[in-house]
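Asker: Sharing query.txt (compact mmCIF, C-alpha atoms) below.
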```
# COMPACT_ATOMS: atom_id res chain seq x y z
CA MET P 1212 106.08 -176.54 -1.48
CA LYS P 1213 106.68 -179.22 1.14
CA PRO P 1214 109.90 -180.54 2.68
CA ALA P 1215 111.29 -183.84 1.42
CA PRO P 1216 110.76 -186.62 3.97
CA PHE P 1217 113.23 -186.79 6.84
CA ARG P 1218 113.69 -188.70 10.07
CA TYR P 1219 112.81 -186.60 13.10
CA ALA P 1220 114.38 -186.64 16.52
CA ARG P 1221 113.69 -184.46 19.53
CA PRO P 1222 116.49 -184.94 22.07
CA ALA P 1223 116.01 -183.67 25.61
CA THR P 1224 119.59 -182.46 26.09
CA ALA P 1225 122.36 -180.84 24.05
CA ALA P 1226 124.57 -183.90 24.65
CA GLU P 1227 121.89 -186.16 23.17
CA ALA P 1228 121.66 -183.86 20.14
CA VAL P 1229 125.42 -184.12 19.61
CA ALA P 1230 125.18 -187.93 19.83
CA LEU P 1231 122.50 -187.88 17.14
CA LEU P 1232 124.74 -185.77 14.89
CA ALA P 1233 127.53 -188.29 15.40
CA SER P 1234 125.28 -191.20 14.49
CA SER P 1235 124.31 -189.63 11.13
CA PRO P 1236 127.56 -188.05 9.91
CA GLY P 1237 126.90 -185.30 7.40
CA GLU P 1238 123.23 -186.24 7.04
CA ALA P 1239 121.65 -184.39 9.94
CA LYS P 1240 120.53 -180.80 10.38
CA LEU P 1241 119.82 -179.07 13.66
CA LEU P 1242 116.46 -177.31 13.94
CA ALA P 1243 116.25 -174.40 16.39
CA GLY P 1244 113.72 -171.64 15.63
CA GLY P 1245 113.38 -172.74 12.03
CA GLN P 1246 112.95 -169.24 10.65
CA SER P 1247 115.76 -169.75 8.10
CA LEU P 1248 115.99 -173.55 7.95
CA VAL P 1249 112.31 -174.36 7.38
CA PRO P 1250 112.05 -172.09 4.31
CA LEU P 1251 115.11 -173.91 2.93
CA LEU P 1252 113.45 -177.25 3.73
CA ASN P 1253 110.17 -176.16 2.14
CA MET P 1254 111.98 -175.09 -1.03
CA ARG P 1255 114.00 -178.32 -0.87
CA LEU P 1256 117.24 -176.38 -1.05
CA VAL P 1257 118.21 -178.44 2.00
CA ARG P 1258 117.25 -182.12 2.24
CA PRO P 1259 118.65 -183.61 5.44
CA ALA P 1260 118.08 -187.30 6.13
CA VAL P 1261 117.68 -186.50 9.81
CA LEU P 1262 116.27 -183.40 11.47
CA VAL P 1263 117.36 -182.96 15.07
CA ASP P 1264 114.91 -180.66 16.82
CA LEU P 1265 116.74 -178.82 19.61
CA ASN P 1266 113.62 -177.29 21.13
CA GLY P 1267 113.37 -179.99 23.79
CA ALA P 1268 116.81 -179.12 25.19
CA ARG P 1269 115.62 -176.53 27.70
CA GLU P 1270 119.16 -176.08 29.08
CA LEU P 1271 119.89 -174.09 25.90
CA GLU P 1272 117.32 -171.41 26.82
CA ARG P 1273 119.28 -169.82 29.63
CA ILE P 1274 119.98 -166.12 30.05
CA GLU P 1275 122.40 -165.80 32.97
CA PRO P 1276 124.55 -163.02 34.37
CA ALA P 1277 128.23 -164.01 34.43
CA PRO P 1278 130.91 -162.78 36.84
CA ARG P 1279 132.42 -159.33 36.18
CA GLY P 1280 129.41 -157.97 34.31
CA GLY P 1281 129.13 -160.48 31.51
CA LEU P 1282 126.36 -162.72 30.26
CA VAL P 1283 126.02 -166.35 29.28
CA LEU P 1284 123.30 -167.03 26.76
CA GLY P 1285 122.01 -170.35 25.51
CA ALA P 1286 121.69 -170.96 21.81
CA LEU P 1287 117.90 -171.32 22.04
CA VAL P 1288 117.26 -167.82 23.41
CA ARG P 1289 114.55 -166.31 21.18
CA HIS P 1290 115.11 -162.86 19.69
CA ALA P 1291 112.02 -161.50 21.49
CA ASP P 1292 113.40 -162.70 24.84
CA LEU P 1293 116.88 -161.36 24.07
CA ALA P 1294 115.33 -157.95 23.37
CA ALA P 1295 113.22 -157.97 26.55
CA ALA P 1296 115.35 -159.74 29.18
CA PRO P 1297 116.36 -157.28 31.96
CA ALA P 1298 119.81 -158.91 32.30
CA VAL P 1299 120.53 -158.34 28.60
CA ARG P 1300 119.15 -154.80 28.60
CA GLU P 1301 121.29 -153.88 31.60
CA ARG P 1302 124.51 -155.69 30.71
CA ALA P 1303 124.53 -155.65 26.90
CA PRO P 1304 122.00 -153.07 25.70
CA LEU P 1305 123.62 -153.14 22.24
CA LEU P 1306 122.63 -156.79 21.92
CA ALA P 1307 119.07 -156.14 23.11
CA GLU P 1308 118.75 -153.31 20.58
CA ALA P 1309 120.10 -155.50 17.78
CA ALA P 1310 117.59 -158.24 18.67
CA ARG P 1311 114.73 -155.77 18.39
CA HIS P 1312 115.71 -155.24 14.74
CA VAL P 1313 115.64 -158.92 13.74
CA GLY P 1314 112.70 -159.78 11.48
CA HIS P 1315 109.08 -159.25 12.47
CA PRO P 1316 107.34 -160.03 15.79
CA ALA P 1317 106.32 -163.54 14.70
CA ILE P 1318 109.89 -164.25 13.62
CA ARG P 1319 111.38 -162.84 16.82
CA ASN P 1320 109.06 -165.08 18.84
CA ARG P 1321 110.57 -168.22 17.30
CA GLY P 1322 113.98 -167.35 15.86
CA THR P 1323 117.00 -168.06 18.06
CA LEU P 1324 120.37 -166.54 18.87
CA GLY P 1325 122.22 -169.74 17.95
CA GLY P 1326 120.27 -170.13 14.75
CA SER P 1327 121.12 -166.61 13.60
CA LEU P 1328 124.83 -167.21 14.27
CA ALA P 1329 124.95 -170.67 12.68
CA HIS P 1330 123.05 -169.48 9.60
CA ALA P 1331 125.59 -166.65 9.19
CA ASP P 1332 123.67 -164.34 6.91
CA PRO P 1333 126.03 -161.41 6.30
CA ALA P 1334 123.19 -158.90 6.79
CA ALA P 1335 122.08 -160.35 10.14
CA GLU P 1336 122.11 -158.13 13.22
CA LEU P 1337 123.13 -160.49 16.03
CA PRO P 1338 126.43 -161.70 14.52
CA ALA P 1339 127.49 -158.07 14.10
CA ALA P 1340 126.45 -157.06 17.62
CA LEU P 1341 128.31 -160.03 19.12
CA LEU P 1342 131.43 -159.23 17.09
CA ALA P 1343 131.29 -155.66 18.41
CA LEU P 1344 130.96 -157.06 21.96
CA ASP P 1345 133.85 -159.51 21.42
CA ALA P 1346 131.75 -162.52 22.44
CA THR P 1347 132.99 -166.09 22.63
CA LEU P 1348 130.99 -169.05 21.34
CA GLY P 1349 130.84 -172.50 22.89
CA LEU P 1350 130.67 -175.27 20.28
CA LEU P 1351 129.67 -178.63 21.70
CA GLY P 1352 131.02 -181.68 19.87
CA PRO P 1353 131.70 -185.36 20.55
CA ARG P 1354 134.91 -184.42 22.37
CA GLY P 1355 133.31 -181.76 24.54
CA MET P 1356 132.99 -177.99 24.32
CA ARG P 1357 135.47 -175.84 22.41
CA ARG P 1358 135.52 -172.06 22.64
CA ILE P 1359 135.98 -169.77 19.69
CA ALA P 1360 135.93 -166.00 19.37
CA VAL P 1361 133.10 -164.65 17.23
CA ALA P 1362 135.80 -162.99 15.10
CA ASP P 1363 137.07 -166.46 14.10
CA PHE P 1364 133.64 -168.05 13.69
CA PHE P 1365 132.41 -166.42 10.48
CA ARG P 1366 134.16 -167.73 7.38
CA GLY P 1367 132.14 -166.16 4.57
CA LEU P 1368 128.65 -166.13 3.07
CA LEU P 1369 126.57 -168.57 5.17
CA ALA P 1370 129.83 -170.24 6.21
CA THR P 1371 131.11 -170.75 9.77
CA ALA P 1372 133.72 -172.67 11.75
CA LEU P 1373 131.04 -175.05 13.03
CA ALA P 1374 131.93 -178.67 12.17
CA GLU P 1375 129.28 -181.11 10.98
CA ASP P 1376 129.31 -182.91 14.32
CA GLU P 1377 129.10 -179.75 16.44
CA LEU P 1378 126.27 -177.79 17.98
CA LEU P 1379 126.56 -174.09 18.82
CA ALA P 1380 125.52 -174.34 22.47
CA GLU P 1381 126.25 -171.03 24.15
CA VAL P 1382 127.38 -167.46 23.77
CA ALA P 1383 129.54 -165.76 26.40
CA VAL P 1384 129.38 -161.97 26.29
CA PRO P 1385 132.01 -160.10 28.31
CA ALA P 1386 131.14 -156.95 30.23
CA ALA P 1387 130.09 -154.44 27.60
CA PRO P 1388 131.57 -150.93 27.37
CA ARG P 1389 129.16 -148.16 28.38
CA GLY P 1390 129.31 -146.49 24.98
CA TRP P 1391 127.39 -148.13 22.17
CA GLY P 1392 125.48 -147.36 19.02
CA PHE P 1393 123.44 -149.42 16.59
CA GLY P 1394 121.70 -148.58 13.36
CA GLU P 1395 120.54 -150.16 10.15
CA ILE P 1396 118.71 -149.19 7.00
CA ALA P 1397 116.08 -151.57 5.64
CA ARG P 1398 113.26 -150.99 3.18
CA ARG P 1399 110.68 -152.05 5.75
CA PRO P 1400 111.01 -152.69 9.48
CA GLY P 1401 112.00 -156.34 9.83
CA ASP P 1402 113.56 -156.81 6.42
CA PHE P 1403 117.21 -157.78 6.24
CA ALA P 1404 119.28 -154.61 6.42
CA LEU P 1405 120.72 -153.11 3.26
CA ALA P 1406 123.54 -152.12 5.62
CA GLY P 1407 124.00 -151.69 9.33
CA VAL P 1408 126.58 -150.78 11.96
CA ALA P 1409 127.08 -151.89 15.58
CA ALA P 1410 129.62 -150.00 17.69
CA ALA P 1411 131.00 -150.47 21.19
CA LEU P 1412 133.21 -147.78 22.73
CA ASP P 1413 134.82 -147.57 26.15
CA ALA P 1414 135.84 -144.47 28.10
CA ASP P 1415 139.48 -144.85 26.97
CA GLY P 1416 138.43 -144.64 23.33
CA HIS P 1417 138.86 -148.32 22.51
CA ALA P 1418 136.26 -149.11 19.89
CA ARG P 1419 134.90 -152.10 18.05
CA VAL P 1420 132.89 -150.92 15.09
CA VAL P 1421 131.25 -153.61 12.95
CA GLY P 1422 129.48 -153.32 9.64
CA PHE P 1423 126.87 -155.82 8.45
CA GLY P 1424 125.37 -156.20 4.99
CA VAL P 1425 128.57 -154.62 3.68
CA ALA P 1426 130.70 -157.76 3.04
CA ASP P 1427 130.33 -161.55 2.93
CA ARG P 1428 130.34 -161.60 6.75
CA PRO P 1429 130.20 -159.03 9.57
CA VAL P 1430 133.41 -156.98 9.41
CA ARG P 1431 135.39 -154.76 11.78
CA LEU P 1432 135.58 -151.24 10.38
CA ARG P 1433 139.13 -150.74 11.61
CA ALA P 1434 139.86 -147.41 9.96
CA ALA P 1435 136.84 -145.99 11.77
CA GLU P 1436 137.88 -147.64 15.03
CA ALA P 1437 141.27 -145.93 14.82
CA LEU P 1438 139.57 -142.53 14.87
CA ALA P 1439 137.15 -143.37 17.67
CA ALA P 1440 139.40 -142.28 20.54
CA ALA P 1441 139.62 -138.80 19.03
CA ALA P 1442 135.83 -138.76 18.76
CA LEU P 1443 135.66 -138.50 22.56
CA ARG P 1444 137.18 -135.01 22.36
CA ASP P 1445 136.44 -133.79 18.85
CA GLU P 1446 132.90 -133.71 17.55
CA THR P 1447 133.98 -133.61 13.92
CA MET P 1448 135.60 -137.02 14.28
CA PRO P 1449 132.53 -139.28 13.97
CA ALA P 1450 131.95 -137.91 10.47
CA ARG P 1451 135.59 -138.53 9.55
CA ALA P 1452 135.38 -142.02 11.02
CA GLY P 1453 132.29 -142.62 8.91
CA THR P 1454 134.13 -141.62 5.76
CA ALA P 1455 137.02 -143.86 6.76
CA ALA P 1456 134.65 -146.80 7.33
CA ALA P 1457 134.00 -147.16 3.61
CA SER P 1458 137.50 -148.51 3.02
CA ASP P 1459 136.76 -151.61 5.13
CA CYS P 1460 133.52 -152.41 3.32
CA ALA P 1461 133.30 -154.77 0.36
CA PRO P 1462 129.58 -154.85 -0.32
CA ALA P 1463 127.90 -156.68 -3.18
CA GLY P 1464 125.35 -154.86 -5.29
CA ASP P 1465 122.01 -156.51 -5.95
CA VAL P 1466 118.42 -155.70 -6.84
CA HIS P 1467 117.87 -154.13 -3.40
CA ALA P 1468 120.83 -151.74 -3.37
CA SER P 1469 123.99 -151.03 -5.32
CA ALA P 1470 127.40 -151.61 -3.78
CA ALA P 1471 128.04 -147.85 -3.80
CA TYR P 1472 124.80 -147.14 -1.94
CA ARG P 1473 125.58 -149.78 0.70
CA ARG P 1474 129.02 -148.25 1.20
CA HIS P 1475 127.41 -144.82 1.54
CA LEU P 1476 125.00 -146.17 4.17
CA ALA P 1477 127.93 -147.63 6.10
CA THR P 1478 129.57 -144.19 6.33
CA VAL P 1479 126.39 -142.52 7.58
CA LEU P 1480 125.56 -145.32 10.01
CA THR P 1481 129.11 -145.39 11.39
CA GLU P 1482 128.96 -141.69 12.10
CA ASP P 1483 125.57 -142.05 13.79
CA ALA P 1484 126.64 -145.08 15.84
CA LEU P 1485 129.79 -143.35 17.07
CA ARG P 1486 127.89 -140.19 18.00
CA ALA P 1487 125.42 -142.34 19.95
CA ALA P 1488 128.28 -144.18 21.66
CA VAL P 1489 130.04 -140.95 22.65
CA GLY P 1490 126.74 -139.56 23.91
CA ARG P 1491 126.14 -142.59 26.12
CA LEU P 1492 129.65 -142.36 27.56
CA GLY P 1493 129.02 -138.71 28.41
CA SER P 1494 125.67 -139.24 30.07
CA MET Z 844 117.46 -192.36 21.05
CA THR Z 845 116.77 -193.35 17.45
CA PRO Z 846 115.18 -190.84 15.08
CA ALA Z 847 111.79 -191.74 13.68
CA ALA Z 848 111.93 -193.16 10.13
CA PRO Z 849 110.82 -190.79 7.33
CA ALA Z 850 107.46 -192.35 6.49
CA GLU Z 851 106.65 -193.13 10.10
CA ARG Z 852 103.67 -191.31 11.48
CA LEU Z 853 104.24 -189.55 14.76
CA ARG Z 854 101.59 -188.87 17.35
CA VAL Z 855 101.08 -185.25 18.39
CA ARG Z 856 98.68 -183.90 20.99
CA LEU Z 857 97.99 -180.19 21.26
CA THR Z 858 95.22 -177.73 22.06
CA VAL Z 859 93.68 -175.85 19.15
CA ASN Z 860 91.23 -173.07 20.01
CA GLY Z 861 90.63 -174.64 23.41
CA GLU Z 862 90.01 -178.19 22.17
CA THR Z 863 92.43 -181.05 22.59
CA VAL Z 864 93.49 -182.53 19.28
CA GLU Z 865 95.45 -185.73 18.73
CA ARG Z 866 96.68 -186.86 15.31
CA GLU Z 867 99.21 -189.16 13.74
CA ILE Z 868 101.17 -187.26 11.13
CA GLU Z 869 104.37 -187.31 9.12
CA ALA Z 870 107.20 -185.32 10.70
CA ARG Z 871 107.36 -183.00 7.68
CA ARG Z 872 103.73 -181.86 8.01
CA SER Z 873 103.54 -178.13 8.78
CA LEU Z 874 101.27 -176.72 11.46
CA ALA Z 875 99.51 -174.77 8.67
CA ASP Z 876 98.67 -178.00 6.83
CA LEU Z 877 97.58 -179.72 10.04
CA LEU Z 878 95.21 -176.86 10.76
CA ARG Z 879 93.78 -176.60 7.26
CA ASP Z 880 93.83 -180.15 5.90
CA ASP Z 881 93.50 -182.32 9.01
CA LEU Z 882 91.36 -180.07 11.20
CA GLY Z 883 89.44 -178.16 8.51
CA LEU Z 884 90.38 -174.79 10.00
CA THR Z 885 90.77 -173.04 6.65
CA GLY Z 886 90.76 -169.54 8.11
CA THR Z 887 94.55 -169.80 8.40
CA HIS Z 888 95.69 -168.94 4.88
CA VAL Z 889 98.81 -170.30 3.22
CA GLY Z 890 100.46 -167.79 0.93
CA CYS Z 891 104.19 -168.17 0.42
CA GLU Z 892 105.06 -171.23 2.56
CA HIS Z 893 108.42 -169.75 3.46
CA GLY Z 894 107.67 -167.21 6.15
CA ALA Z 895 107.60 -164.10 3.97
CA CYS Z 896 103.91 -163.18 3.72
CA GLY Z 897 102.45 -163.62 7.20
CA ALA Z 898 99.06 -164.94 5.98
CA CYS Z 899 99.41 -168.13 8.04
CA THR Z 900 100.17 -166.34 11.33
CA VAL Z 901 98.63 -168.00 14.40
CA LEU Z 902 99.20 -167.70 18.13
CA VAL Z 903 101.27 -170.43 19.80
CA ASP Z 904 101.07 -170.21 23.59
CA GLY Z 905 99.90 -166.64 23.13
CA ARG Z 906 102.74 -165.52 20.84
CA SER Z 907 102.46 -165.03 17.10
CA ALA Z 908 104.17 -167.55 14.83
CA ARG Z 909 104.24 -168.45 11.16
CA SER Z 910 102.40 -171.77 11.01
CA CYS Z 911 104.15 -172.62 7.69
CA LEU Z 912 107.52 -172.55 9.51
CA LEU Z 913 106.52 -174.91 12.32
CA LEU Z 914 106.38 -178.66 12.04
CA ALA Z 915 103.18 -179.88 13.60
CA VAL Z 916 105.13 -182.47 15.62
CA GLN Z 917 106.89 -179.60 17.37
CA LEU Z 918 103.57 -178.48 18.85
CA GLU Z 919 103.28 -181.33 21.37
CA GLY Z 920 101.57 -179.85 24.42
CA ALA Z 921 101.23 -176.38 22.87
CA ARG Z 922 98.18 -174.14 22.85
CA VAL Z 923 97.38 -172.87 19.35
CA THR Z 924 94.86 -170.14 18.58
CA THR Z 925 93.74 -169.50 15.00
CA ILE Z 926 91.45 -166.87 13.52
CA GLU Z 927 88.54 -169.23 14.23
CA GLY Z 928 89.50 -169.16 17.90
CA LEU Z 929 89.55 -165.36 17.90
CA THR Z 930 86.06 -165.17 16.39
CA PRO Z 931 83.10 -165.14 18.82
CA SER Z 932 80.44 -167.75 18.11
CA ASP Z 933 77.78 -165.07 17.77
CA GLY Z 934 79.42 -162.64 15.37
CA LEU Z 935 82.59 -160.64 15.04
CA SER Z 936 85.15 -159.47 17.58
CA PRO Z 937 85.58 -155.69 17.96
CA LEU Z 938 88.81 -155.95 15.93
CA GLN Z 939 87.04 -157.85 13.15
CA GLU Z 940 84.17 -155.37 13.31
CA ALA Z 941 86.68 -152.52 12.94
CA PHE Z 942 88.21 -154.18 9.88
CA ARG Z 943 84.75 -154.32 8.34
CA THR Z 944 83.83 -150.77 9.31
CA CYS Z 945 87.12 -149.35 8.00
CA HIS Z 946 87.12 -151.41 4.78
CA ALA Z 947 90.43 -152.87 5.93
CA MET Z 948 90.22 -155.76 3.48
CA GLN Z 949 89.59 -156.28 -0.18
CA CYS Z 950 90.34 -159.85 -1.24
CA GLY Z 951 90.64 -160.91 2.40
CA PHE Z 952 93.54 -163.30 1.93
CA CYS Z 953 95.84 -161.52 4.38
CA THR Z 954 93.09 -160.64 6.86
CA PRO Z 955 93.35 -163.61 9.26
CA GLY Z 956 97.09 -163.02 9.63
CA MET Z 957 96.51 -159.28 10.10
CA ILE Z 958 93.93 -159.94 12.84
CA VAL Z 959 96.20 -162.42 14.64
CA ALA Z 960 99.22 -160.07 14.48
CA SER Z 961 97.08 -157.12 15.64
CA THR Z 962 95.70 -159.21 18.50
CA GLU Z 963 99.22 -159.87 19.77
CA LEU Z 964 100.14 -156.19 19.43
CA LEU Z 965 97.07 -154.97 21.32
CA ALA Z 966 97.53 -157.53 24.09
CA ALA Z 967 101.03 -156.17 24.77
CA THR Z 968 100.36 -152.52 23.87
CA PRO Z 969 96.71 -151.55 24.33
CA ALA Z 970 97.17 -148.05 22.83
CA PRO Z 971 99.85 -148.26 20.11
CA ASP Z 972 100.56 -145.25 17.90
CA GLU Z 973 100.49 -145.51 14.12
CA ALA Z 974 104.23 -146.18 13.86
CA ALA Z 975 103.98 -149.07 16.32
CA ILE Z 976 101.04 -150.55 14.39
CA ARG Z 977 102.90 -150.29 11.09
CA GLU Z 978 105.97 -151.91 12.57
CA ALA Z 979 103.97 -154.74 14.16
CA LEU Z 980 102.19 -155.46 10.86
CA ALA Z 981 105.23 -155.04 8.58
CA GLY Z 982 105.61 -158.80 8.38
CA ASN Z 983 102.10 -159.25 6.99
CA LEU Z 984 101.81 -158.50 3.31
CA CYS Z 985 98.64 -157.10 1.75
CA MET Z 986 98.50 -156.80 -2.03
CA CYS Z 987 95.19 -154.88 -2.14
CA THR Z 988 94.64 -152.20 0.44
CA GLY Z 989 97.84 -150.20 0.66
CA TYR Z 990 97.57 -150.79 4.43
CA VAL Z 991 96.00 -147.40 5.23
CA ASN Z 992 92.62 -148.83 6.21
CA ILE Z 993 94.18 -151.73 8.08
CA VAL Z 994 96.10 -149.29 10.27
CA ARG Z 995 92.90 -147.25 10.69
CA ALA Z 996 91.03 -150.33 11.88
CA VAL Z 997 93.63 -151.15 14.52
CA ILE Z 998 93.69 -147.51 15.67
CA ARG Z 999 89.91 -147.65 15.97
CA VAL Z 1000 89.92 -150.47 18.53
CA ALA Z 1001 93.03 -149.13 20.25
CA ALA Z 1002 91.36 -145.77 20.86
CA PRO Z 1003 90.06 -144.90 24.34
CA GLY Z 1004 86.92 -146.91 24.88
CA GLY Z 1005 87.80 -149.35 22.13
CA ARG Z 1006 88.73 -152.95 22.86
CA PRO Z 1007 90.21 -155.73 20.75
```
Show me this structure written as structure tokens.
Answerer:
Amino acid sequence: MKPAPFRYARPATAAEAVALLASSPGEAKLLAGGQSLVPLLNMRLVRPAVLVDLNGARELERIEPAPRGGLVLGALVRHADLAAAPAVRERAPLLAEAARHVGHPAIRNRGTLGGSLAHADPAAELPAALLALDATLGLLGPRGMRRIAVADFFRGLLATALAEDELLAEVAVPAAPRGWGFGEIARRPGDFALAGVAAALDADGHARVVGFGVADRPVRLRAAEALAAAALRDETMPARAGTAAASDCAPAGDVHASAAYRRHLATVLTEDALRAAVGRLGS
Amino acid sequence: MTPAAPAERLRVRLTVNGETVEREIEARRSLADLLRDDLGLTGTHVGCEHGACGACTVLVDGRSARSCLLLAVQLEGARVTTIEGLTPSDGLSPLQEAFRTCHAMQCGFCTPGMIVASTELLAATPAPDEAAIREALAGNLCMCTGYVNIVRAVIRVAAPGGRP
């Protein structure tokens, strides 16, 4: 099981990578951590004429605090570094926790933030966490950088707003609310989640609750969000919000779990995530 | 810059188990195949070739990686350690000895990957509990043992007085 032959390029900057994409329209693939792309290459499900290896573009590795409590993250930040970086743990602990749940140690050592977003697996942790945190993505193309909200980036199963000539260069995370919760259920640690929930909650009760593995993309669980403000005062509310969450889920059933079971997990995980978020606001 | 043509052979220079290695290879050659077929280091086992089984796990600059998911040309300047590099010239490492003592292998196919993954765990966490060991090794599949004796072996070297 070997990849089909391809031309290989290792640009030293993101701009050079974009120029390479432009010179091979529709024929090039970007290689970041390779934890999803290389299996597809090995199985020949993807056969690009040109492989543009981003790993030489060190500018994409940055983890930087931004003004007013936010973060700017480069697309090449590895999951292991996202989970461990003090700036991420302090400013966006939900994101650090989500990163800890991605794959196994060897996968977290190589896999990247940008790769996870661009691959857009509906059961992936980081897209959901960034949707809960209302992050903005920077897409670098021949005409410069355009910004897009994470909410507008995911278009369906493995589908995104990224154009063929664009590179997902950076992720801007605004200051995160103090309340947060994250949970997922997987058969083994490191497997893709059967279902998961990421929640962010501020002291005024504004919530962004996101389910993953429960639709063709990460989805806001808006019925649960609407009950979150009451959860600050009423401890029966997280359970009611969990029940409400099911209405925003449209999971597929497969050999790993039925649609009904995934929906059930979403209700339990929503309740747990909201309780955790309320607890963190109170502490 | 112009991308290298498909059949073109690219030069890569890296360190494998402390020795500098230089080869001309096709861009599509995996690190696993470079290690096994070009360098004769057959201790790195190739199971699934898509990152699911963990048998081909090696250390790259001290961190575990699936060698079937890396192109060898990406390893320019890197420091790779395989199971051969973790094995003393005069016998077994304490971790390998513990695998033997605890009967932590049957067919042995997964063992090199298990040892490499355990080495990384113990370097970061010298005294992991059972849950931490199971989580660290969850990406390494074993079809024979049921994992119990593998976990026992890692606990044995992680215990006070033990060393990897």
Asker: Work out how far CA of Asp1376 in chain P is from CA of Val1261 in chain P, in Å to one decimal.
Answerer: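 A separation of 13.0 Å between them.
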Asker: Here is a test: counting all atoms listed in the file, which residue of P:Arg1269, P:Lys1240, P:Arg1321, P:Arg1300 is nearest to Arg906 in chain Z?
Answerer: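 Of P:Arg1269, P:Lys1240, P:Arg1321, P:Arg1300, the one nearest Arg906 in chain Z, counting all atoms listed in the file, is P:Arg1321.
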Asker: I need the residue nearest chain P from this list: Z:Ser932, Z:Thr924, Z:Thr900, Z:Asn860. Use only C-alpha atoms for the distance.
Answerer: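 The shortest atom-to-atom distance to chain P comes from Z:Thr900.
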Asker: Got a sec: who's within 7 Å of Cys945 in chain Z, counting all atoms listed in the file, leaving out chain neighbours fewer than 3 positions off, as a ChimeraX atom specification?
Answerer: /Z:941-942,992,995-996
Asker: Can you spit out the residues from that selection as a PDB file, in the frame of the given file, using C-alpha atoms?
Answerer:
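Contents of the output file again21.pdb:
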```pdb
ATOM      1  CA  ALA Z 941      86.680-152.520  12.940  1.00  0.00           C
ATOM      2  CA  PHE Z 942      88.210-154.180   9.880  1.00  0.00           C
ATOM      3  CA  ASN Z 992      92.620-148.830   6.210  1.00  0.00           C
ATOM      4  CA  ARG Z 995      92.900-147.250  10.690  1.00  0.00           C
ATOM      5  CA  ALA Z 996      91.030-150.330  11.880  1.00  0.00           C
TER       6      ALA Z 996
END
```
Asker: Once 6 Å is added on each side, what centre and edge lengths in Å to one decimal does the axis-aligned box around all listed atoms of range 947-961 of chain Z have, as AutoDock Vina command-line options?
Answerer:
```
--center_x 94.4 --center_y -158.2 --center_z 7.2 --size_x 21.6 --size_y 22.7 --size_z 28.9
```
Asker: To one decimal place in Å, what is the distance between CA of Trp1391 in chain P and CA of Leu1337 in chain P?
Answerer: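 Between these atoms lies a distance of 14.4 Å.
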Asker: For a quick check of your reading of the model, name the residues lying within 12 Å of the coordinate (113.6, -171.9, 3.2), counting only C-alpha atoms, and write them as a list in words.
Answerer: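 In the file's frame, the residues around the point are Met1212, Lys1213, Pro1214, Gly1245, Gln1246, Ser1247, Leu1248, Val1249, Pro1250, Leu1251, Leu1252, Asn1253, Met1254, Arg1255, Leu1256, Val1257, Arg1258 and His1330 of chain P; Cys891, Glu892, His893, Gly894, Ala895, Cys911, Leu912 and Leu913 of chain Z.
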Asker: Here is a test: counting all atoms listed in the file, which residue of Z:Glu973, Z:Glu862, Z:Asp881, Z:Glu869 is nearest to chain P?
Answerer: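 Among the listed residues, the smallest separation from chain P belongs to Z:Glu869.
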Asker: For chain P against chain Z, which residues fall within 6 Å using only C-alpha atoms, given as a VMD selection string?
Answerer: chain P and resid 1216 to 1220 1249 to 1250 1315 1317 1400
